[in-house]
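**Student:** My structure is in structure-v6.pdb, and what it holds is PDB, C-alpha atoms:
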ATOM      1  CA  MET A   1     -27.109  51.509  32.600
ATOM      2  CA  GLN A   2     -24.917  51.019  29.561
ATOM      3  CA  LYS A   3     -22.032  50.077  31.838
ATOM      4  CA  LEU A   4     -24.130  47.418  33.568
ATOM      5  CA  ASN A   5     -25.263  46.018  30.211
ATOM      6  CA  LEU A   6     -21.629  45.803  29.067
ATOM      7  CA  ILE A   7     -20.583  43.966  32.213
ATOM      8  CA  GLY A   8     -23.478  41.546  31.778
ATOM      9  CA  LEU A   9     -22.515  40.871  28.187
ATOM     10  CA  ILE A  10     -18.911  40.143  29.188
ATOM     11  CA  LEU A  11     -20.074  37.696  31.891
ATOM     12  CA  ILE A  12     -22.319  35.868  29.403
ATOM     13  CA  ILE A  13     -19.492  35.502  26.859
ATOM     14  CA  ALA A  14     -17.098  34.250  29.569
ATOM     15  CA  ALA A  15     -19.637  31.641  30.681
ATOM     16  CA  MET A  16     -20.110  30.436  27.111
ATOM     17  CA  LEU A  17     -16.338  30.092  26.603
ATOM     18  CA  CYS A  18     -15.998  28.075  29.808
ATOM     19  CA  ALA A  19     -18.815  25.748  28.739
ATOM     20  CA  CYS A  20     -17.273  25.197  25.301
ATOM     21  CA  SER A  21     -13.874  24.491  26.840
ATOM     22  CA  LYS A  22     -15.410  21.993  29.240
ATOM     23  CA  ASP A  23     -17.270  20.183  26.443
ATOM     24  CA  VAL A  24     -14.142  19.773  24.305
ATOM     25  CA  SER A  25     -11.954  18.529  27.152
ATOM     26  CA  ASN A  26     -14.547  15.974  28.237
ATOM     27  CA  GLN A  27     -15.310  14.639  24.753
ATOM     28  CA  PRO A  28     -14.634  10.899  24.435
ATOM     29  CA  GLU A  29     -11.893   9.900  21.979
ATOM     30  CA  THR A  30     -13.520   9.160  18.647
ATOM     31  CA  GLU A  31     -12.579   6.461  16.171
ATOM     32  CA  ILE A  32     -11.347   9.177  13.793
ATOM     33  CA  THR A  33      -8.999  10.539  16.484
ATOM     34  CA  LYS A  34      -7.628   7.070  17.170
ATOM     35  CA  GLN A  35      -7.089   6.471  13.470
ATOM     36  CA  VAL A  36      -5.132   9.705  12.990
ATOM     37  CA  GLU A  37      -2.933   9.071  16.029
ATOM     38  CA  GLY A  38      -2.205   5.507  14.900
ATOM     39  CA  THR A  39      -1.401   6.454  11.320
ATOM     40  CA  ALA A  40       2.239   6.040  10.329
ATOM     41  CA  LEU A  41       2.518   4.716   6.776
ATOM     42  CA  HIS A  42       1.106   6.713   3.868
ATOM     43  CA  VAL A  43       0.649   4.857   0.559
ATOM     44  CA  GLU A  44      -0.200   6.694  -2.651
ATOM     45  CA  PRO A  45      -0.761   5.184  -6.124
ATOM     46  CA  ILE A  46       1.411   6.592  -8.894
ATOM     47  CA  ASP A  47       1.784   6.079 -12.647
ATOM     48  CA  LEU A  48       5.049   4.192 -13.052
ATOM     49  CA  PHE A  49       5.397   5.194 -16.704
ATOM     50  CA  ALA A  50       4.224   8.802 -16.579
ATOM     51  CA  GLY A  51       6.009  11.340 -18.762
ATOM     52  CA  GLU A  52       9.568  10.498 -19.762
ATOM     53  CA  ALA A  53       9.478   7.320 -17.662
ATOM     54  CA  ARG A  54       7.370   5.724 -20.413
ATOM     55  CA  LYS A  55      10.613   4.772 -22.154
ATOM     56  CA  PHE A  56      11.264   2.190 -19.413
ATOM     57  CA  GLN A  57       8.033   0.261 -20.045
ATOM     58  CA  PRO A  58       9.581  -2.107 -22.651
ATOM     59  CA  PHE A  59      12.162  -3.159 -20.052
ATOM     60  CA  LEU A  60       9.816  -3.612 -17.096
ATOM     61  CA  GLY A  61       6.839  -4.862 -19.098
ATOM     62  CA  THR A  62       3.162  -3.996 -18.934
ATOM     63  CA  MET A  63       2.649  -6.093 -15.782
ATOM     64  CA  SER A  64       4.318  -3.490 -13.598
ATOM     65  CA  GLY A  65       3.226  -0.969 -10.996
ATOM     66  CA  ALA A  66       4.390   1.301  -8.189
ATOM     67  CA  VAL A  67       3.240   3.217  -5.131
ATOM     68  CA  LYS A  68       4.732   6.176  -3.287
ATOM     69  CA  LEU A  69       5.501   5.727   0.409
ATOM     70  CA  LYS A  70       5.906   8.069   3.368
ATOM     71  CA  TYR A  71       6.599   6.972   6.935
ATOM     72  CA  GLY A  72       7.173   8.725  10.228
ATOM     73  CA  GLY A  73       7.456   6.528  13.291
ATOM     74  CA  ASN A  74       9.688   4.347  15.440
ATOM     75  CA  LYS A  75      10.036   1.276  13.217
ATOM     76  CA  ASN A  76      13.355   0.708  11.419
ATOM     77  CA  ASP A  77      12.524  -1.403   8.356
ATOM     78  CA  ILE A  78       9.916  -1.821   5.651
ATOM     79  CA  SER A  79       9.314  -5.138   3.930
ATOM     80  CA  ALA A  80       7.230  -6.675   1.146
ATOM     81  CA  LYS A  81       5.686 -10.098   0.756
ATOM     82  CA  ILE A  82       3.695 -11.793  -1.993
ATOM     83  CA  GLU A  83       0.503 -13.744  -1.344
ATOM     84  CA  LEU A  84      -0.832 -16.367  -3.735
ATOM     85  CA  TRP A  85      -4.638 -16.551  -3.899
ATOM     86  CA  GLU A  86      -6.365 -19.472  -5.636
ATOM     87  CA  ASN A  87     -10.125 -19.812  -6.003
ATOM     88  CA  GLY A  88     -10.714 -17.078  -3.453
ATOM     89  CA  THR A  89      -8.362 -18.476  -0.779
ATOM     90  CA  LYS A  90      -4.846 -17.474   0.209
ATOM     91  CA  THR A  91      -2.762 -20.603  -0.340
ATOM     92  CA  LYS A  92       0.859 -19.481  -0.029
ATOM     93  CA  THR A  93       3.048 -16.556   1.033
ATOM     94  CA  TYR A  94       6.417 -15.716  -0.493
ATOM     95  CA  SER A  95       9.081 -13.553   1.127
ATOM     96  CA  SER A  96      10.116 -10.734  -1.175
ATOM     97  CA  ILE A  97      12.331  -7.898   0.048
ATOM     98  CA  GLY A  98      13.022  -5.604   2.974
ATOM     99  CA  THR A  99      15.046  -2.456   3.456
ATOM    100  CA  SER A 100      16.053  -0.044   6.208
ATOM    101  CA  MET A 101      14.116   3.210   6.489
ATOM    102  CA  GLN A 102      16.741   4.956   8.605
ATOM    103  CA  ASP A 103      18.694   7.569   6.687
ATOM    104  CA  SER A 104      22.393   6.738   6.920
ATOM    105  CA  GLN A 105      23.358  10.422   6.937
ATOM    106  CA  ASP A 106      20.974  12.222   9.281
ATOM    107  CA  LYS A 107      19.918   9.121  11.288
ATOM    108  CA  THR A 108      16.207   9.890  10.968
ATOM    109  CA  LYS A 109      13.338   7.506  10.281
ATOM    110  CA  ASP A 110      11.243   9.895   8.202
ATOM    111  CA  TYR A 111      11.119   7.779   5.080
ATOM    112  CA  GLU A 112      10.054   8.772   1.572
ATOM    113  CA  GLY A 113      10.386   6.387  -1.331
ATOM    114  CA  GLU A 114       8.644   4.106  -3.793
ATOM    115  CA  PHE A 115       7.797   0.431  -3.977
ATOM    116  CA  ILE A 116       7.991  -1.009  -7.500
ATOM    117  CA  ALA A 117       6.943  -4.429  -8.763
ATOM    118  CA  SER A 118       7.213  -6.102 -12.158
ATOM    119  CA  ILE A 119       6.104  -9.537 -13.363
ATOM    120  CA  LYS A 120       7.402 -11.293 -16.482
ATOM    121  CA  THR A 121       7.023 -14.804 -17.847
ATOM    122  CA  VAL A 122      10.275 -16.683 -18.411
ATOM    123  CA  SER A 123      10.846 -20.137 -19.874
ATOM    124  CA  ILE A 124      13.669 -22.456 -18.936
ATOM    125  CA  GLU A 125      14.342 -25.382 -21.244
ATOM    126  CA  GLY A 126      12.995 -28.609 -19.851
ATOM    127  CA  SER A 127      10.804 -26.977 -17.189
ATOM    128  CA  LYS A 128       7.476 -25.225 -16.846
ATOM    129  CA  PRO A 129       7.145 -21.475 -17.503
ATOM    130  CA  LEU A 130       7.809 -19.289 -14.472
ATOM    131  CA  TYR A 131       6.765 -15.868 -13.279
ATOM    132  CA  GLU A 132       9.868 -13.770 -12.689
ATOM    133  CA  ILE A 133       8.874 -11.185 -10.090
ATOM    134  CA  THR A 134      11.115  -8.199  -9.455
ATOM    135  CA  THR A 135      10.388  -6.047  -6.413
ATOM    136  CA  ALA A 136      12.279  -2.955  -5.283
ATOM    137  CA  PHE A 137      12.314  -0.129  -2.778
ATOM    138  CA  ALA A 138      13.749   3.096  -4.164
ATOM    139  CA  ASP A 139      14.545   6.278  -2.221
ATOM    140  CA  LYS A 140      17.067   9.125  -2.233
ATOM    141  CA  ASN A 141      19.803   6.808  -0.914
ATOM    142  CA  GLY A 142      19.464   4.228  -3.683
ATOM    143  CA  THR A 143      17.549   1.082  -4.616
ATOM    144  CA  ALA A 144      17.185  -2.355  -3.014
ATOM    145  CA  SER A 145      15.739  -5.062  -5.254
ATOM    146  CA  SER A 146      14.963  -8.765  -5.245
ATOM    147  CA  ILE A 147      13.791 -11.410  -7.737
ATOM    148  CA  THR A 148      11.323 -14.189  -6.883
ATOM    149  CA  TYR A 149      10.291 -17.075  -9.150
ATOM    150  CA  ILE A 150       6.828 -18.642  -9.004
ATOM    151  CA  ASP A 151       5.401 -21.462 -11.129
ATOM    152  CA  ARG A 152       3.189 -20.193 -13.920
ATOM    153  CA  ASP A 153       0.252 -22.341 -14.975
ATOM    154  CA  ILE A 154      -0.994 -22.004 -18.541
ATOM    155  CA  ARG A 155      -3.774 -19.410 -18.449
ATOM    156  CA  LYS A 156      -5.778 -17.476 -20.992
ATOM    157  CA  GLY A 157      -5.054 -13.997 -19.711
ATOM    158  CA  SER A 158      -3.821 -11.792 -16.909
ATOM    159  CA  ASN A 159      -4.019  -8.164 -15.823
ATOM    160  CA  THR A 160      -2.877  -5.939 -12.981
ATOM    161  CA  ILE A 161      -4.759  -4.997  -9.819
ATOM    162  CA  GLN A 162      -3.986  -1.366  -9.045
ATOM    163  CA  LEU A 163      -4.397   0.611  -5.853
ATOM    164  CA  ASN A 164      -7.045   3.220  -6.700
ATOM    165  CA  LYS A 165      -6.775   5.574  -3.724
ATOM    166  CA  SER A 166      -4.309   6.851  -1.144
ATOM    167  CA  LEU A 167      -4.203   5.049   2.192
ATOM    168  CA  ASP A 168      -3.008   5.916   5.694
ATOM    169  CA  VAL A 169      -2.136   2.754   7.588
ATOM    170  CA  SER A 170      -1.224   2.064  11.198
ATOM    171  CA  GLU A 171       2.364   0.917  11.606
ATOM    172  CA  ASN A 172       1.016  -2.255  13.244
ATOM    173  CA  ASP A 173      -0.925  -3.279  10.134
ATOM    174  CA  GLU A 174       0.037  -4.539   6.702
ATOM    175  CA  VAL A 175      -1.380  -3.103   3.499
ATOM    176  CA  ALA A 176      -1.992  -4.537   0.023
ATOM    177  CA  VAL A 177      -0.573  -2.117  -2.562
ATOM    178  CA  TRP A 178      -0.522  -3.919  -5.922
ATOM    179  CA  GLY A 179      -1.310  -7.227  -7.573
ATOM    180  CA  MET A 180      -2.124  -9.229 -10.665
ATOM    181  CA  GLN A 181      -4.780 -11.762 -11.518
ATOM    182  CA  ALA A 182      -4.993 -14.518 -14.094
ATOM    183  CA  THR A 183      -7.729 -16.836 -15.263
ATOM    184  CA  ASP A 184      -8.354 -19.821 -17.498
ATOM    185  CA  LYS A 185     -11.877 -18.628 -18.297
ATOM    186  CA  ASN A 186     -13.146 -16.349 -21.047
ATOM    187  CA  GLU A 187     -14.361 -13.737 -18.584
ATOM    188  CA  TRP A 188     -12.964 -11.727 -15.679
ATOM    189  CA  GLU A 189     -14.237 -11.464 -12.144
ATOM    190  CA  THR A 190     -14.290  -7.924 -10.742
ATOM    191  CA  ILE A 191     -11.764  -7.840  -7.903
ATOM    192  CA  ASP A 192      -9.612  -5.352  -6.035
ATOM    193  CA  LEU A 193      -7.068  -5.556  -3.210
ATOM    194  CA  THR A 194      -9.600  -6.113  -0.408
ATOM    195  CA  PRO A 195     -10.065  -9.606   1.104
ATOM    196  CA  GLU A 196     -13.785  -9.443   0.258
ATOM    197  CA  ARG A 197     -13.107  -8.976  -3.459
ATOM    198  CA  LEU A 198     -10.178 -11.402  -3.530
ATOM    199  CA  LYS A 199     -12.625 -14.174  -2.712
ATOM    200  CA  ASN A 200     -13.797 -13.809  -6.321
ATOM    201  CA  ALA A 201     -10.308 -14.295  -7.766
ATOM    202  CA  LYS A 202      -9.565 -17.431  -9.733
ATOM    203  CA  TRP A 203      -5.828 -16.844  -9.324
ATOM    204  CA  ALA A 204      -4.004 -13.769  -8.024
ATOM    205  CA  LEU A 205      -0.697 -12.506  -6.645
ATOM    206  CA  ILE A 206      -1.060  -9.769  -4.022
ATOM    207  CA  PHE A 207       1.830  -7.583  -2.838
ATOM    208  CA  LYS A 208       1.686  -6.401   0.774
ATOM    209  CA  LEU A 209       3.880  -4.002   2.745
ATOM    210  CA  SER A 210       4.542  -3.687   6.472
ATOM    211  CA  VAL A 211       6.933  -1.803   8.747
ATOM    212  CA  ASN A 212       8.845  -3.525  11.526
TER     213      ASN A 212
END
Once you've parsed the file, please lay out its structure as structure tokens.
**Tutor:**
Amino acid sequence: MQKLNLIGLILIIAAMLCACSKDVSNQPETEITKQVEGTALHVEPIDLFAGEARKFQPFLGTMSGAVKLKYGGNKNDISAKIELWENGTKTKTYSSIGTSMQDSQDKTKDYEGEFIASIKTVSIEGSKPLYEITTAFADKNGTASSITYIDRDIRKGSNTIQLNKSLDVSENDEVAVWGMQATDKNEWETIDLTPERLKNAKWALIFKLSVN
């Protein structure tokens, strides 16, 4: 009798395992699964002036920021662009900088580095003040940097727009990683790097990254 009970128990367990296996294999692909499979670029906010790096703040200025980047995929390059937003609408796009993600030594495309941006106001005699924007990609092989100049209107104040959480982005999408806003009013609108919030911006520069 005990032997028959044991055989019955084994058959029940085997049937349950088969049913579970069938359910998993037939499950439709969820949105979460698609998102994980399509994820290639990881972006993580970092403190540019943490620890001993604080000594570089006088040189870069307070209007500076950085994010950490990781990539694993088939694309060769990563590039940055700058969008100008005025009264809640994107009005202009500026090319910034691009760099190769392929390691020159081991020929891999597993990239780890940082994107850094800094904005300063410069004045040239006989012309309007300008924003001098320095952007750079830095990794173990070195640094690639570029400087862009944009007209600066007289405004009462400005501050940075920081990325406040880590993001995993499909290699087919672009991602906003940093920015700054300015206003001629006595109060600030609450904005972040999302298009919905940028509609509240009086004036903003938004830095976006993409792989290609």
**Student:** Could you tell me which residues the PyMOL selection byres ((chain A and resi 115-120) around 6) returns for this structure, as a ChimeraX atom specification?
**Tutor:** /A:63-67,114,121,131-137
**Student:** Given the selection you just returned, output its residues as a file containing C-alpha atoms, formatted as a compact mmCIF listing (two decimals), in the coordinates of the input.
**Tutor:**
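Saved the output as out-v9.txt:
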# COMPACT_ATOMS: atom_id res chain seq x y z
CA MET A 63 2.65 -6.09 -15.78
CA SER A 64 4.32 -3.49 -13.60
CA GLY A 65 3.23 -0.97 -11.00
CA ALA A 66 4.39 1.30 -8.19
CA VAL A 67 3.24 3.22 -5.13
CA GLU A 114 8.64 4.11 -3.79
CA THR A 121 7.02 -14.80 -17.85
CA TYR A 131 6.76 -15.87 -13.28
CA GLU A 132 9.87 -13.77 -12.69
CA ILE A 133 8.87 -11.18 -10.09
CA THR A 134 11.12 -8.20 -9.46
CA THR A 135 10.39 -6.05 -6.41
CA ALA A 136 12.28 -2.96 -5.28
CA PHE A 137 12.31 -0.13 -2.78
**Student:** I'd like the neighbourhood of range 83-100 of chain A as a ChimeraX atom specification, where a residue qualifies if any of its atoms comes within 6 Å (using all atoms listed in the file), though same-chain residues fewer than 5 positions away should be ignored.
**Tutor:** /A:76-78,146,198-206
**Student:** Hey, can you spit out that residue selection with C-alpha atoms as a CSV table (one decimal), in the frame of the given file?
**Tutor:**
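To be explicit, this is the file written out as part02.csv:
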chain,number,residue,atom,x,y,z
A,76,ASN,CA,13.4,0.7,11.4
A,77,ASP,CA,12.5,-1.4,8.4
A,78,ILE,CA,9.9,-1.8,5.7
A,146,SER,CA,15.0,-8.8,-5.2
A,198,LEU,CA,-10.2,-11.4,-3.5
A,199,LYS,CA,-12.6,-14.2,-2.7
A,200,ASN,CA,-13.8,-13.8,-6.3
A,201,ALA,CA,-10.3,-14.3,-7.8
A,202,LYS,CA,-9.6,-17.4,-9.7
A,203,TRP,CA,-5.8,-16.8,-9.3
A,204,ALA,CA,-4.0,-13.8,-8.0
A,205,LEU,CA,-0.7,-12.5,-6.6
A,206,ILE,CA,-1.1,-9.8,-4.0
**Student:** Kindly resolve the PyMOL selection byres ((chain A and resi 173) around 9) on the present coordinates and return the residues as a PyMOL selection string.
**Tutor:** chain A and resi 169-172+174-175+209-211
**Student:** Any idea what the distance is between CA of Glu112 in chain A and CA of Ile82 in chain A?
**Tutor:**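 Taking CA of Glu112 in chain A as the start and CA of Ile82 in chain A as the end point, the length is 21.8 Å.
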**Student:** Can you tell me how far CA of Phe207 in chain A sits from CA of Thr143 in chain A, in Å to one decimal?
**Tutor:**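 A separation of 18.0 Å between them.
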**Student:** With the file shown as input, list the residues that the PyMOL selection byres ((chain A and resi 151) around 7) selects, as a PyMOL selection string.
**Tutor:** chain A and resi 129-131+149-150+152-153
**Student:** Complete the atoms of range 166-177 of chain A to all heavy atoms and put them out as a PDB file, in the coordinates of the input.
**Tutor:**
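Result file follows (rebuild-v8.pdb):
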ATOM      1  N   SER A 166      -5.352   6.737  -2.156  1.00  0.00           N
ATOM      2  CA  SER A 166      -4.309   6.851  -1.144  1.00  0.00           C
ATOM      3  C   SER A 166      -4.794   6.254   0.173  1.00  0.00           C
ATOM      4  O   SER A 166      -5.982   6.327   0.495  1.00  0.00           O
ATOM      5  CB  SER A 166      -3.923   8.318  -0.934  1.00  0.00           C
ATOM      6  OG  SER A 166      -3.390   8.876  -2.114  1.00  0.00           O
ATOM      7  N   LEU A 167      -3.860   5.685   0.930  1.00  0.00           N
ATOM      8  CA  LEU A 167      -4.203   5.049   2.192  1.00  0.00           C
ATOM      9  C   LEU A 167      -3.265   5.520   3.291  1.00  0.00           C
ATOM     10  O   LEU A 167      -2.070   5.753   3.054  1.00  0.00           O
ATOM     11  CB  LEU A 167      -4.088   3.519   2.073  1.00  0.00           C
ATOM     12  CG  LEU A 167      -4.979   2.812   1.054  1.00  0.00           C
ATOM     13  CD1 LEU A 167      -4.618   1.335   1.003  1.00  0.00           C
ATOM     14  CD2 LEU A 167      -6.439   2.980   1.416  1.00  0.00           C
ATOM     15  N   ASP A 168      -3.801   5.664   4.496  1.00  0.00           N
ATOM     16  CA  ASP A 168      -3.008   5.916   5.694  1.00  0.00           C
ATOM     17  C   ASP A 168      -3.188   4.721   6.609  1.00  0.00           C
ATOM     18  O   ASP A 168      -4.309   4.421   7.033  1.00  0.00           O
ATOM     19  CB  ASP A 168      -3.448   7.203   6.392  1.00  0.00           C
ATOM     20  CG  ASP A 168      -3.102   8.432   5.577  1.00  0.00           C
ATOM     21  OD1 ASP A 168      -1.936   8.542   5.145  1.00  0.00           O
ATOM     22  OD2 ASP A 168      -3.983   9.274   5.349  1.00  0.00           O
ATOM     23  N   VAL A 169      -2.076   4.045   6.919  1.00  0.00           N
ATOM     24  CA  VAL A 169      -2.136   2.754   7.588  1.00  0.00           C
ATOM     25  C   VAL A 169      -1.366   2.792   8.899  1.00  0.00           C
ATOM     26  O   VAL A 169      -0.270   3.360   8.970  1.00  0.00           O
ATOM     27  CB  VAL A 169      -1.537   1.654   6.678  1.00  0.00           C
ATOM     28  CG1 VAL A 169      -1.734   0.283   7.308  1.00  0.00           C
ATOM     29  CG2 VAL A 169      -2.168   1.695   5.300  1.00  0.00           C
ATOM     30  N   SER A 170      -1.932   2.191   9.929  1.00  0.00           N
ATOM     31  CA  SER A 170      -1.224   2.064  11.198  1.00  0.00           C
ATOM     32  C   SER A 170       0.049   1.265  10.998  1.00  0.00           C
ATOM     33  O   SER A 170       0.102   0.329  10.203  1.00  0.00           O
ATOM     34  CB  SER A 170      -2.119   1.365  12.224  1.00  0.00           C
ATOM     35  OG  SER A 170      -1.369   0.974  13.359  1.00  0.00           O
ATOM     36  N   GLU A 171       1.088   1.623  11.733  1.00  0.00           N
ATOM     37  CA  GLU A 171       2.364   0.917  11.606  1.00  0.00           C
ATOM     38  C   GLU A 171       2.282  -0.524  12.110  1.00  0.00           C
ATOM     39  O   GLU A 171       3.201  -1.311  11.896  1.00  0.00           O
ATOM     40  CB  GLU A 171       3.472   1.661  12.354  1.00  0.00           C
ATOM     41  CG  GLU A 171       3.276   1.740  13.836  1.00  0.00           C
ATOM     42  CD  GLU A 171       4.422   2.480  14.527  1.00  0.00           C
ATOM     43  OE1 GLU A 171       5.236   3.112  13.835  1.00  0.00           O
ATOM     44  OE2 GLU A 171       4.486   2.409  15.760  1.00  0.00           O
ATOM     45  N   ASN A 172       1.195  -0.883  12.765  1.00  0.00           N
ATOM     46  CA  ASN A 172       1.016  -2.255  13.244  1.00  0.00           C
ATOM     47  C   ASN A 172       0.259  -3.128  12.250  1.00  0.00           C
ATOM     48  O   ASN A 172       0.044  -4.310  12.508  1.00  0.00           O
ATOM     49  CB  ASN A 172       0.277  -2.242  14.581  1.00  0.00           C
ATOM     50  CG  ASN A 172       1.063  -1.526  15.664  1.00  0.00           C
ATOM     51  OD1 ASN A 172       2.269  -1.703  15.777  1.00  0.00           O
ATOM     52  ND2 ASN A 172       0.387  -0.701  16.447  1.00  0.00           N
ATOM     53  N   ASP A 173      -0.161  -2.537  11.134  1.00  0.00           N
ATOM     54  CA  ASP A 173      -0.925  -3.279  10.134  1.00  0.00           C
ATOM     55  C   ASP A 173      -0.115  -3.439   8.852  1.00  0.00           C
ATOM     56  O   ASP A 173       0.845  -2.720   8.608  1.00  0.00           O
ATOM     57  CB  ASP A 173      -2.236  -2.551   9.810  1.00  0.00           C
ATOM     58  CG  ASP A 173      -3.174  -2.500  10.993  1.00  0.00           C
ATOM     59  OD1 ASP A 173      -3.133  -3.431  11.818  1.00  0.00           O
ATOM     60  OD2 ASP A 173      -3.929  -1.514  11.099  1.00  0.00           O
ATOM     61  N   GLU A 174      -0.520  -4.392   8.031  1.00  0.00           N
ATOM     62  CA  GLU A 174       0.037  -4.539   6.702  1.00  0.00           C
ATOM     63  C   GLU A 174      -0.976  -4.042   5.686  1.00  0.00           C
ATOM     64  O   GLU A 174      -2.169  -3.975   5.975  1.00  0.00           O
ATOM     65  CB  GLU A 174       0.411  -5.997   6.417  1.00  0.00           C
ATOM     66  CG  GLU A 174      -0.745  -6.967   6.490  1.00  0.00           C
ATOM     67  CD  GLU A 174      -0.314  -8.416   6.288  1.00  0.00           C
ATOM     68  OE1 GLU A 174       0.901  -8.693   6.413  1.00  0.00           O
ATOM     69  OE2 GLU A 174      -1.182  -9.253   6.005  1.00  0.00           O
ATOM     70  N   VAL A 175      -0.491  -3.690   4.494  1.00  0.00           N
ATOM     71  CA  VAL A 175      -1.380  -3.103   3.499  1.00  0.00           C
ATOM     72  C   VAL A 175      -1.075  -3.688   2.125  1.00  0.00           C
ATOM     73  O   VAL A 175       0.081  -3.820   1.728  1.00  0.00           O
ATOM     74  CB  VAL A 175      -1.247  -1.561   3.487  1.00  0.00           C
ATOM     75  CG1 VAL A 175       0.190  -1.124   3.252  1.00  0.00           C
ATOM     76  CG2 VAL A 175      -2.169  -0.936   2.469  1.00  0.00           C
ATOM     77  N   ALA A 176      -2.132  -4.058   1.396  1.00  0.00           N
ATOM     78  CA  ALA A 176      -1.992  -4.537   0.023  1.00  0.00           C
ATOM     79  C   ALA A 176      -1.881  -3.325  -0.898  1.00  0.00           C
ATOM     80  O   ALA A 176      -2.716  -2.429  -0.857  1.00  0.00           O
ATOM     81  CB  ALA A 176      -3.202  -5.390  -0.366  1.00  0.00           C
ATOM     82  N   VAL A 177      -0.831  -3.304  -1.746  1.00  0.00           N
ATOM     83  CA  VAL A 177      -0.573  -2.117  -2.562  1.00  0.00           C
ATOM     84  C   VAL A 177      -0.621  -2.368  -4.066  1.00  0.00           C
ATOM     85  O   VAL A 177      -0.725  -1.422  -4.858  1.00  0.00           O
ATOM     86  CB  VAL A 177       0.797  -1.502  -2.200  1.00  0.00           C
ATOM     87  CG1 VAL A 177       0.822  -1.053  -0.742  1.00  0.00           C
ATOM     88  CG2 VAL A 177       1.935  -2.495  -2.458  1.00  0.00           C
TER      89      VAL A 177
END
